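Engineer: To be precise about what I am sending: the file is called query.cif and holds mmCIF, C-alpha atoms.
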```
data_target
#
loop_
_atom_site.label_atom_id
_atom_site.label_comp_id
_atom_site.auth_asym_id
_atom_site.auth_seq_id
_atom_site.Cartn_x
_atom_site.Cartn_y
_atom_site.Cartn_z
CA MET J 1 133.02 -68.28 122.28
CA SER J 2 135.04 -65.12 122.80
CA GLU J 3 134.52 -61.89 120.92
CA ARG J 4 136.46 -61.23 117.78
CA LYS J 5 137.51 -57.64 118.54
CA VAL J 6 138.61 -57.28 122.14
CA LEU J 7 141.02 -54.94 123.87
CA ASN J 8 141.45 -56.82 127.13
CA LYS J 9 143.21 -60.14 127.31
CA TYR J 10 142.86 -62.83 129.87
CA TYR J 11 145.82 -63.27 132.15
CA PRO J 12 145.83 -66.39 134.32
CA PRO J 13 146.61 -66.09 138.05
CA ASP J 14 149.99 -67.75 137.66
CA PHE J 15 151.15 -65.34 134.85
CA ASP J 16 154.77 -64.16 135.28
CA PRO J 17 156.04 -61.59 132.71
CA ALA J 18 159.69 -62.26 133.74
CA LYS J 19 159.44 -65.73 132.24
CA ILE J 20 158.71 -64.26 128.76
CA PRO J 21 161.82 -64.68 126.56
CA LYS J 22 163.32 -61.44 125.20
CA LEU J 23 164.48 -61.09 121.60
CA LYS J 24 168.09 -60.07 121.24
CA LEU J 25 168.20 -57.76 118.21
CA PRO J 26 171.45 -56.28 116.88
CA LYS J 27 172.02 -52.60 117.50
CA ASP J 28 172.91 -51.89 113.88
CA ARG J 29 169.68 -53.46 112.63
CA GLN J 30 168.33 -51.98 109.39
CA TYR J 31 164.74 -50.94 108.60
CA VAL J 32 163.13 -50.47 105.19
CA VAL J 33 161.60 -46.99 104.83
CA ARG J 34 160.12 -44.95 102.01
CA LEU J 35 161.85 -41.59 101.41
CA MET J 36 162.64 -38.98 98.78
CA ALA J 37 166.04 -37.82 97.60
CA PRO J 38 167.00 -34.80 99.77
CA PHE J 39 169.14 -33.11 97.08
CA ASN J 40 170.25 -33.40 93.46
CA MET J 41 172.99 -35.94 92.92
CA ARG J 42 174.82 -37.80 90.11
CA CYS J 43 175.77 -41.45 90.18
CA LYS J 44 179.54 -42.11 90.01
CA THR J 45 179.13 -45.46 88.25
CA CYS J 46 176.87 -44.58 85.28
CA GLY J 47 176.53 -40.78 85.50
CA GLU J 48 172.76 -40.86 85.94
CA TYR J 49 171.24 -37.70 87.42
CA ILE J 50 168.96 -38.23 90.41
CA TYR J 51 166.87 -35.16 91.11
CA LYS J 52 165.59 -33.92 94.45
CA GLY J 53 162.22 -35.41 95.41
CA LYS J 54 162.60 -38.78 93.65
CA LYS J 55 161.14 -41.59 95.79
CA PHE J 56 163.12 -44.65 96.91
CA ASN J 57 162.63 -47.72 99.10
CA ALA J 58 165.69 -47.14 101.31
CA ARG J 59 167.30 -49.03 104.18
CA LYS J 60 167.80 -47.03 107.36
CA GLU J 61 170.27 -47.73 110.14
CA THR J 62 171.63 -45.88 113.16
CA VAL J 63 175.26 -44.78 112.90
CA GLN J 64 177.30 -46.23 115.73
CA ASN J 65 179.40 -44.00 117.97
CA GLU J 66 178.17 -40.77 116.37
CA LEU J 67 175.95 -38.33 118.21
CA TYR J 68 175.30 -34.61 117.97
CA MET J 69 174.23 -33.13 121.28
CA GLY J 70 172.62 -36.44 122.16
CA LEU J 71 170.80 -36.76 118.81
CA PRO J 72 171.44 -39.97 116.86
CA ILE J 73 172.59 -39.82 113.25
CA PHE J 74 170.92 -42.05 110.66
CA ARG J 75 172.36 -43.48 107.47
CA PHE J 76 170.31 -44.32 104.34
CA TYR J 77 171.07 -46.77 101.52
CA ILE J 78 169.47 -46.29 98.08
CA LYS J 79 170.14 -47.74 94.60
CA CYS J 80 170.73 -45.91 91.36
CA THR J 81 167.71 -46.02 89.06
CA ARG J 82 169.89 -47.01 86.07
CA CYS J 83 172.79 -49.20 87.22
CA LEU J 84 171.47 -50.22 90.67
CA ALA J 85 174.71 -49.08 92.31
CA GLU J 86 174.46 -48.45 96.03
CA ILE J 87 174.42 -44.81 97.20
CA THR J 88 174.62 -43.79 100.86
CA PHE J 89 174.04 -40.49 102.69
CA LYS J 90 173.38 -39.59 106.32
CA THR J 91 171.75 -36.87 108.34
CA ASP J 92 173.60 -33.69 109.41
CA PRO J 93 171.72 -32.14 112.37
CA GLU J 94 174.46 -29.57 112.92
CA ASN J 95 173.65 -27.85 109.59
CA THR J 96 170.05 -29.14 109.38
CA ASP J 97 170.90 -30.89 106.13
CA TYR J 98 172.07 -34.21 104.68
CA ALA J 99 175.69 -35.21 104.01
CA MET J 100 176.76 -37.32 101.02
CA GLU J 101 178.96 -40.37 101.87
CA HIS J 102 179.73 -42.44 98.75
CA GLY J 103 178.29 -43.77 95.48
CA ALA J 104 177.33 -40.33 94.07
CA THR J 105 178.35 -36.68 94.05
CA ARG J 106 176.16 -33.77 95.10
CA ASN J 107 175.46 -31.19 92.42
CA PHE J 108 177.03 -27.72 92.67
CA GLN J 109 175.21 -25.27 94.97
CA ALA J 110 176.73 -21.79 94.98
CA GLU J 111 174.61 -20.53 97.85
CA LYS J 112 175.72 -23.29 100.15
CA LEU J 113 179.39 -22.82 99.25
CA LEU J 114 179.10 -19.07 99.93
CA GLU J 115 177.61 -19.67 103.35
CA GLU J 116 180.35 -22.14 104.21
CA GLU J 117 183.04 -19.67 103.17
CA GLU J 118 181.54 -16.89 105.30
CA LYS J 119 181.39 -19.18 108.28
CA ARG J 120 185.03 -20.19 107.81
CA VAL J 121 186.25 -16.58 107.63
CA GLN J 122 184.23 -15.59 110.68
CA GLN J 123 185.60 -18.51 112.63
CA GLU J 124 189.25 -17.65 111.77
CA ARG J 125 188.73 -14.03 112.82
CA GLU J 126 187.26 -15.02 116.15
CA ASP J 127 190.18 -17.32 116.81
CA GLU J 128 192.70 -14.52 116.08
CA GLU J 129 190.93 -11.99 118.31
CA LEU J 130 190.73 -14.48 121.12
CA ASN J 131 194.54 -14.72 121.54
CA ASN J 132 195.69 -11.25 120.27
CA PRO J 133 194.18 -8.01 121.79
CA MET J 134 196.01 -5.78 119.26
CA LYS J 135 194.36 -7.69 116.46
CA VAL J 136 190.98 -6.83 117.96
CA LEU J 137 191.86 -3.08 117.90
CA GLU J 138 193.06 -3.28 114.32
CA ASN J 139 189.90 -5.03 113.20
CA ARG J 140 187.69 -2.42 114.91
CA THR J 141 189.63 0.49 113.34
CA ARG J 142 189.41 -1.09 109.93
CA ASP J 143 185.66 -1.68 110.32
CA SER J 144 184.99 1.95 111.39
CA LYS J 145 187.09 3.30 108.52
CA MET J 146 185.21 1.13 106.04
CA GLU J 147 181.89 2.29 107.47
CA MET J 148 182.87 5.97 107.07
CA GLU J 149 183.89 5.37 103.47
CA VAL J 150 180.56 3.75 102.73
CA LEU J 151 178.66 6.70 104.25
CA GLU J 152 180.75 9.22 102.26
CA ASN J 153 180.13 7.35 99.02
CA LEU J 154 176.42 7.23 99.76
CA GLN J 155 176.31 10.99 100.42
CA GLU J 156 178.20 11.70 97.19
CA LEU J 157 175.70 9.63 95.26
CA LYS J 158 172.77 11.53 96.80
CA GLU J 159 174.30 14.92 95.93
CA LEU J 160 175.00 13.78 92.39
CA ASN J 161 171.43 12.67 91.95
CA GLN J 162 170.11 15.97 93.29
CA ARG J 163 172.32 18.02 90.92
CA GLN J 164 171.20 16.00 87.93
CA ALA J 165 167.56 15.85 88.82
CA GLN J 166 167.14 19.45 90.13
CA VAL J 167 163.79 18.55 91.65
CA ASP J 168 162.39 20.41 94.62
CA PHE J 169 160.34 17.80 96.42
CA GLU J 170 159.01 20.23 99.02
CA GLY J 171 157.85 22.61 96.29
CA MET J 172 156.19 19.77 94.43
CA ILE J 173 154.29 18.74 97.55
CA ASP J 174 153.18 22.34 98.17
CA GLN J 175 152.00 22.73 94.58
CA TYR J 176 150.08 19.49 94.77
CA ARG J 177 148.35 20.60 97.97
CA GLU J 178 147.40 23.97 96.43
CA PHE J 179 146.08 22.23 93.33
CA GLU J 180 143.92 19.91 95.44
CA LYS J 181 142.58 22.91 97.39
CA ARG J 182 141.65 24.76 94.20
CA GLU J 183 139.95 21.67 92.78
CA ARG J 184 137.86 21.24 95.92
CA LEU J 185 136.78 24.91 95.84
CA ARG J 186 135.90 24.71 92.14
CA GLU J 187 133.83 21.55 92.64
CA LYS J 188 132.03 23.19 95.56
CA GLU J 189 131.20 26.29 93.50
CA GLU J 190 129.94 24.18 90.60
CA ASP J 191 127.69 22.18 92.92
CA GLU J 192 126.24 25.36 94.43
CA ARG J 193 125.64 26.91 90.99
CA GLU J 194 123.91 23.78 89.68
CA LEU J 195 121.73 23.60 92.79
CA LYS J 196 120.75 27.26 92.41
CA GLU J 197 119.87 26.77 88.73
CA MET J 198 117.73 23.74 89.56
CA LEU J 199 115.84 25.68 92.23
CA GLU J 200 115.22 28.59 89.86
CA CYS J 201 113.97 26.26 87.15
CA VAL J 202 111.55 24.64 89.59
CA GLN J 203 110.23 28.01 90.80
CA VAL J 204 110.04 29.87 87.47
CA LYS J 205 109.57 27.32 84.76
CA ARG J 206 106.11 25.86 84.57
CA LEU J 207 105.27 22.90 82.46
CA LYS J 208 102.00 23.34 80.54
CA ASP J 209 99.46 20.57 80.32
CA PRO J 210 98.44 19.67 76.73
CA ASP J 211 94.78 19.55 77.82
CA SER J 212 94.94 23.14 79.04
CA GLU J 213 96.56 24.21 75.75
CA GLU J 214 93.72 22.65 73.80
CA GLU J 215 91.19 24.41 76.02
CA GLU J 216 92.91 27.77 75.47
CA GLU J 217 92.99 27.26 71.71
CA SER J 218 89.30 26.31 71.67
CA GLY J 219 88.49 29.36 73.83
CA ASP J 220 90.27 31.69 71.37
CA ARG J 221 88.09 30.48 68.54
CA LYS J 222 84.72 32.28 68.54
CA PRO J 223 81.73 30.63 66.86
CA LEU J 224 80.45 32.35 63.72
CA LYS J 225 76.99 33.84 63.94
CA ARG J 226 74.88 33.10 60.92
CA PRO J 227 71.75 35.18 60.14
CA VAL J 228 68.52 33.36 60.93
CA PRO J 229 66.14 33.51 57.93
CA GLU J 230 62.53 34.49 58.44
CA ASN J 231 61.14 31.84 56.08
CA PRO J 232 62.55 28.35 55.73
CA THR J 233 62.71 28.70 51.95
CA ASP J 234 64.95 31.75 52.12
CA ILE J 235 67.97 29.46 52.60
CA LEU J 236 67.63 28.28 49.01
CA THR J 237 67.57 31.83 47.63
CA ALA J 238 70.30 33.25 49.86
CA ASP J 239 73.17 35.00 48.05
CA ARG J 240 76.51 33.20 48.15
CA PRO J 241 78.69 36.36 48.16
CA ALA J 242 77.13 37.52 51.44
CA GLU J 243 77.92 34.14 53.02
CA ALA J 244 81.47 34.31 51.75
CA GLN J 245 81.95 37.73 53.35
CA ALA J 246 80.59 36.41 56.65
CA ASN J 247 83.09 33.47 56.56
CA GLY J 248 86.10 35.77 56.37
CA GLY J 249 86.45 37.61 53.12
CA GLY J 250 89.09 35.88 51.05
CA LYS J 251 88.26 32.32 52.12
CA LYS J 252 86.07 30.30 49.81
CA PRO J 253 82.89 28.79 51.27
CA LYS J 254 82.63 25.07 51.66
CA VAL J 255 80.94 23.47 48.64
CA GLU J 256 78.64 20.55 49.29
CA SER J 257 78.67 17.45 47.13
CA TRP J 258 75.14 18.00 45.83
CA GLU J 259 76.04 21.57 44.81
CA ARG J 260 79.05 20.29 42.81
CA SER J 261 76.83 17.92 40.79
CA VAL J 262 73.56 19.94 40.43
CA GLY J 263 74.39 23.50 41.39
CA SER J 264 73.01 25.95 43.94
CA LEU J 265 69.34 26.83 43.89
CA GLY J 266 69.93 30.58 44.02
CA ALA J 267 72.34 30.75 41.07
CA ALA J 268 71.04 31.83 37.71
CA GLY J 269 72.76 28.95 35.93
CA GLY J 270 71.73 26.35 38.50
CA LEU J 271 68.35 24.63 38.33
CA GLY J 272 67.07 27.31 35.94
CA ALA J 273 69.15 25.85 33.15
CA LEU J 274 67.26 22.58 33.47
CA VAL J 275 63.79 24.22 32.81
CA ARG J 276 62.75 24.71 29.21
CA LYS J 277 59.63 26.66 28.07
CA LYS J 278 57.37 25.46 25.29
CA THR J 279 57.17 27.60 22.13
CA SER J 280 53.33 27.55 21.96
CA SER J 281 52.93 28.79 25.47
CA ALA J 282 55.52 31.50 24.90
CA ALA J 283 53.63 32.88 21.83
CA SER J 284 50.29 32.88 23.66
CA SER J 285 51.83 34.64 26.61
CA SER J 286 53.21 37.39 24.36
CA SER J 287 49.79 37.94 22.70
CA ALA J 288 48.08 38.06 26.05
CA ALA J 289 50.49 40.65 27.27
CA SER J 290 49.82 42.89 24.24
CA SER J 291 46.01 42.67 24.70
CA ALA J 292 46.40 43.50 28.37
CA THR J 293 48.23 46.67 27.59
CA ARG J 294 45.45 47.74 25.19
CA ALA J 295 42.64 46.94 27.62
CA GLY J 296 44.12 48.98 30.48
CA PRO J 297 45.18 48.40 34.04
CA THR J 298 41.93 46.78 35.15
CA ALA J 299 42.24 43.84 32.78
CA VAL J 300 42.84 40.48 34.37
CA PRO J 301 45.77 38.55 32.86
CA PRO J 302 45.07 35.13 31.47
CA ALA J 303 45.96 32.04 33.42
CA SER J 304 48.60 30.97 30.92
CA SER J 305 50.59 34.20 31.16
CA SER J 306 54.09 34.10 32.66
CA PRO J 307 54.37 35.40 36.21
CA ALA J 308 57.61 37.09 35.33
CA ALA J 309 55.89 39.38 32.76
CA VAL J 310 52.80 40.19 34.87
CA LYS J 311 52.93 42.45 37.92
CA LYS J 312 50.42 41.65 40.64
CA THR J 313 48.88 44.45 42.64
CA PRO J 314 49.27 44.42 46.37
CA SER J 315 45.45 44.54 46.86
CA HIS J 316 44.96 41.16 45.14
CA ASP J 317 48.17 39.29 46.40
CA PRO J 318 49.40 39.95 49.95
CA ALA J 319 52.80 38.21 49.37
CA PRO J 320 55.73 40.38 48.20
CA ALA J 321 56.27 40.34 44.42
CA ALA J 322 59.59 39.13 43.09
CA SER J 323 61.50 41.25 40.60
CA GLN J 324 61.85 40.19 36.97
CA ASN J 325 65.65 40.12 37.01
CA GLY J 326 65.97 38.23 40.31
CA SER J 327 63.45 35.46 39.63
CA SER J 328 64.19 32.31 41.56
CA SER J 329 64.19 28.73 40.41
CA LEU J 330 60.91 28.11 42.26
CA SER J 331 59.10 30.72 40.10
CA LEU J 332 60.45 29.03 36.99
CA LEU J 333 59.18 25.69 38.20
CA GLY J 334 55.73 27.30 38.78
CA ALA J 335 55.68 28.76 35.30
CA TYR J 336 56.59 25.38 33.86
CA SER J 337 53.68 23.76 35.70
CA ASP J 338 51.27 26.49 34.50
CA SER J 339 52.42 25.96 30.92
CA ASP J 340 51.80 22.25 31.25
CA SER J 341 48.26 22.84 32.56
CA SER J 342 47.46 25.36 29.80
CA GLY J 343 48.79 23.03 27.11
CA GLY J 344 46.63 20.20 28.44
CA GLU J 345 43.50 22.39 28.22
#
```
As structure tokens - that is how I would like this structure written.
Structural biologist:
Amino acid sequence: MSERKVLNKYYPPDFDPAKIPKLKLPKDRQYVVRLMAPFNMRCKTCGEYIYKGKKFNARKETVQNELYMGLPIFRFYIKCTRCLAEITFKTDPENTDYAMEHGATRNFQAEKLLEEEEKRVQQEREDEELNNPMKVLENRTRDSKMEMEVLENLQELKELNQRQAQVDFEGMIDQYREFEKRERLREKEEDERELKEMLECVQVKRLKDPDSEEEEESGDRKPLKRPVPENPTDILTADRPAEAQANGGGKKPKVESWERSVGSLGAAGGLGALVRKKTSSAASSSSAASSATRAGPTAVPPASSSPAAVKKTPSHDPAPAASQNGSSSLSLLGAYSDSDSSGGE
């Protein structure tokens, strides 16, 4: 079994191609081709417009006895899309275009008509100059005269424009160049000035660190020196005005919370206001004081007498005696305890 797709055929040894019969086809045979309308046209039968680019199934044939420089000319047959009338046109290799034959009219094209008219005039002129030398001279003189007139008109138009405009183009160009030069110099000077200012700021200006500022502020503040008391109990009897002067004169000292509620120990109206003396002990103390004055300086005061009214001699008590006016709250508390002990006896 032979292959289905083969390129080579089997030719027997006795094959003779001259014995193959040849088909005799007519020279004016027509072929069906697919083409587009080469130009705008209008059907003569129904007036239907057929625009350029519309597709048709056309019949093509070779025109007999018509050649252009050995190139054959082809004719095409199409049908109107409305009335099915036959329309024919053929190729025109001389003008690289198509020529309408019958069945429709080509739409008006002003450009093509103008080109055809120019070609016709040029052809007539060439024919005249070919047979008449004087005609050639006349045509040349007329052409040169027309050219001079055109140049004169052009020069007049230029002068008129210059008078109306009054613009000096050379001066404008010079001014523009000077302006550009000045702008470049100004930009250069500004750049140099900004660079100089930046360098000066970097060299002179010094940014301060916030930590260093805090250290300087803390160094300016000097710690206050407070007097060291000899005895621990002297803090309770220290005078507040002296402390206020040490803090800075007009500033008020800081008041503690326990001083706001109870009061300071050294003030006269502080803890002393809380101590009350009994009436019996007060009367006995007054009588004892009167008997002591009668007896003399060697008399020993009774135990129930108030320490504020009795002065101790330095030979009997080595501690310094407190004054009567500046008695502290501790002395009052001692007197209160003595009165309690005397009352119990």
Engineer: Just the number, please: distance in Å from CA of Thr81 (chain J) to CA of Lys60 (chain J), one decimal.
Structural biologist: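 These atoms are spaced 18.3 Å apart.
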Engineer: I need the output of the PyMOL selection byres ((chain J and resi 106-118) around 12) for this file as a ChimeraX atom specification; which residues are they?
Structural biologist: /J:37-44,47-52,87-89,95,97-105,119-125
Engineer: Could you check how far CA of Val32 (chain J) sits from CA of Arg82 (chain J), in Å to one decimal?
Structural biologist: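 Atom-to-atom, CA of Val32 (chain J) and CA of Arg82 (chain J) are spaced 20.6 Å apart.
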Engineer: Rounded to one decimal place, report the CA of Leu25 (chain J)-CA of Gln64 (chain J) distance in Å.
Structural biologist: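 Separation of CA of Leu25 (chain J) and CA of Gln64 (chain J): 14.9 Å.
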Engineer: Return the single residue from J:Asn57, J:Asn8, J:Gln155, J:Gln175 that is closest to Tyr77 (chain J), with distances computed using only C-alpha atoms.
Structural biologist: J:Asn57
Engineer: Evaluated on this file, the PyMOL selection byres ((chain J and resi 93) around 12) picks out some residues - which ones are they, written as a list in words?
Structural biologist: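 Here the PyMOL selection byres ((chain J and resi 93) around 12) matches Glu66, Leu67, Tyr68, Met69, Gly70, Leu71, Pro72, Ile73, Phe74, Lys90, Thr91, Asp92, Glu94, Asn95, Thr96, Asp97, Tyr98 and Ala99 of chain J.
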Engineer: Would you mind exporting C-alpha atoms of the selected residues as a PDB file, in the frame of the given file?
Structural biologist:
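Result file follows (out-v3.pdb):
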```pdb
ATOM      1  CA  GLU J  66     178.170 -40.770 116.370  1.00  0.00           C
ATOM      2  CA  LEU J  67     175.950 -38.330 118.210  1.00  0.00           C
ATOM      3  CA  TYR J  68     175.300 -34.610 117.970  1.00  0.00           C
ATOM      4  CA  MET J  69     174.230 -33.130 121.280  1.00  0.00           C
ATOM      5  CA  GLY J  70     172.620 -36.440 122.160  1.00  0.00           C
ATOM      6  CA  LEU J  71     170.800 -36.760 118.810  1.00  0.00           C
ATOM      7  CA  PRO J  72     171.440 -39.970 116.860  1.00  0.00           C
ATOM      8  CA  ILE J  73     172.590 -39.820 113.250  1.00  0.00           C
ATOM      9  CA  PHE J  74     170.920 -42.050 110.660  1.00  0.00           C
ATOM     10  CA  LYS J  90     173.380 -39.590 106.320  1.00  0.00           C
ATOM     11  CA  THR J  91     171.750 -36.870 108.340  1.00  0.00           C
ATOM     12  CA  ASP J  92     173.600 -33.690 109.410  1.00  0.00           C
ATOM     13  CA  GLU J  94     174.460 -29.570 112.920  1.00  0.00           C
ATOM     14  CA  ASN J  95     173.650 -27.850 109.590  1.00  0.00           C
ATOM     15  CA  THR J  96     170.050 -29.140 109.380  1.00  0.00           C
ATOM     16  CA  ASP J  97     170.900 -30.890 106.130  1.00  0.00           C
ATOM     17  CA  TYR J  98     172.070 -34.210 104.680  1.00  0.00           C
ATOM     18  CA  ALA J  99     175.690 -35.210 104.010  1.00  0.00           C
TER      19      ALA J  99
END
```
Engineer: Taking the structure I provided as the source, export region 152-164 of chain J with N, CA and C atoms, as a PDB file, in the first residue's frame.
Structural biologist:
```pdb
ATOM      1  N   GLU J 152       9.837  91.033  -7.798  1.00  0.00           N
ATOM      2  CA  GLU J 152       9.561  92.411  -7.387  1.00  0.00           C
ATOM      3  C   GLU J 152       8.392  92.471  -6.399  1.00  0.00           C
ATOM      4  N   ASN J 153       7.357  91.720  -6.680  1.00  0.00           N
ATOM      5  CA  ASN J 153       6.216  91.695  -5.756  1.00  0.00           C
ATOM      6  C   ASN J 153       6.610  91.144  -4.380  1.00  0.00           C
ATOM      7  N   LEU J 154       7.451  90.127  -4.401  1.00  0.00           N
ATOM      8  CA  LEU J 154       7.906  89.554  -3.132  1.00  0.00           C
ATOM      9  C   LEU J 154       8.740  90.555  -2.329  1.00  0.00           C
ATOM     10  N   GLN J 155       9.618  91.318  -3.045  1.00  0.00           N
ATOM     11  CA  GLN J 155      10.434  92.312  -2.344  1.00  0.00           C
ATOM     12  C   GLN J 155       9.568  93.436  -1.784  1.00  0.00           C
ATOM     13  N   GLU J 156       8.567  93.863  -2.546  1.00  0.00           N
ATOM     14  CA  GLU J 156       7.655  94.897  -2.048  1.00  0.00           C
ATOM     15  C   GLU J 156       6.916  94.431  -0.786  1.00  0.00           C
ATOM     16  N   LEU J 157       6.501  93.195  -0.785  1.00  0.00           N
ATOM     17  CA  LEU J 157       5.822  92.669   0.400  1.00  0.00           C
ATOM     18  C   LEU J 157       6.751  92.636   1.614  1.00  0.00           C
ATOM     19  N   LYS J 158       8.015  92.276   1.423  1.00  0.00           N
ATOM     20  CA  LYS J 158       8.966  92.266   2.534  1.00  0.00           C
ATOM     21  C   LYS J 158       9.186  93.662   3.092  1.00  0.00           C
ATOM     22  N   GLU J 159       9.363  94.660   2.200  1.00  0.00           N
ATOM     23  CA  GLU J 159       9.560  96.038   2.659  1.00  0.00           C
ATOM     24  C   GLU J 159       8.335  96.563   3.397  1.00  0.00           C
ATOM     25  N   LEU J 160       7.168  96.218   2.901  1.00  0.00           N
ATOM     26  CA  LEU J 160       5.943  96.656   3.570  1.00  0.00           C
ATOM     27  C   LEU J 160       5.837  96.055   4.969  1.00  0.00           C
ATOM     28  N   ASN J 161       6.176  94.812   5.081  1.00  0.00           N
ATOM     29  CA  ASN J 161       6.140  94.179   6.408  1.00  0.00           C
ATOM     30  C   ASN J 161       7.149  94.802   7.360  1.00  0.00           C
ATOM     31  N   GLN J 162       8.343  95.136   6.854  1.00  0.00           N
ATOM     32  CA  GLN J 162       9.351  95.750   7.712  1.00  0.00           C
ATOM     33  C   GLN J 162       8.928  97.147   8.171  1.00  0.00           C
ATOM     34  N   ARG J 163       8.299  97.945   7.275  1.00  0.00           N
ATOM     35  CA  ARG J 163       7.839  99.276   7.671  1.00  0.00           C
ATOM     36  C   ARG J 163       6.737  99.196   8.718  1.00  0.00           C
ATOM     37  N   GLN J 164       5.858  98.244   8.583  1.00  0.00           N
ATOM     38  CA  GLN J 164       4.767  98.119   9.546  1.00  0.00           C
ATOM     39  C   GLN J 164       5.227  97.532  10.873  1.00  0.00           C
TER      40      GLN J 164
END
```
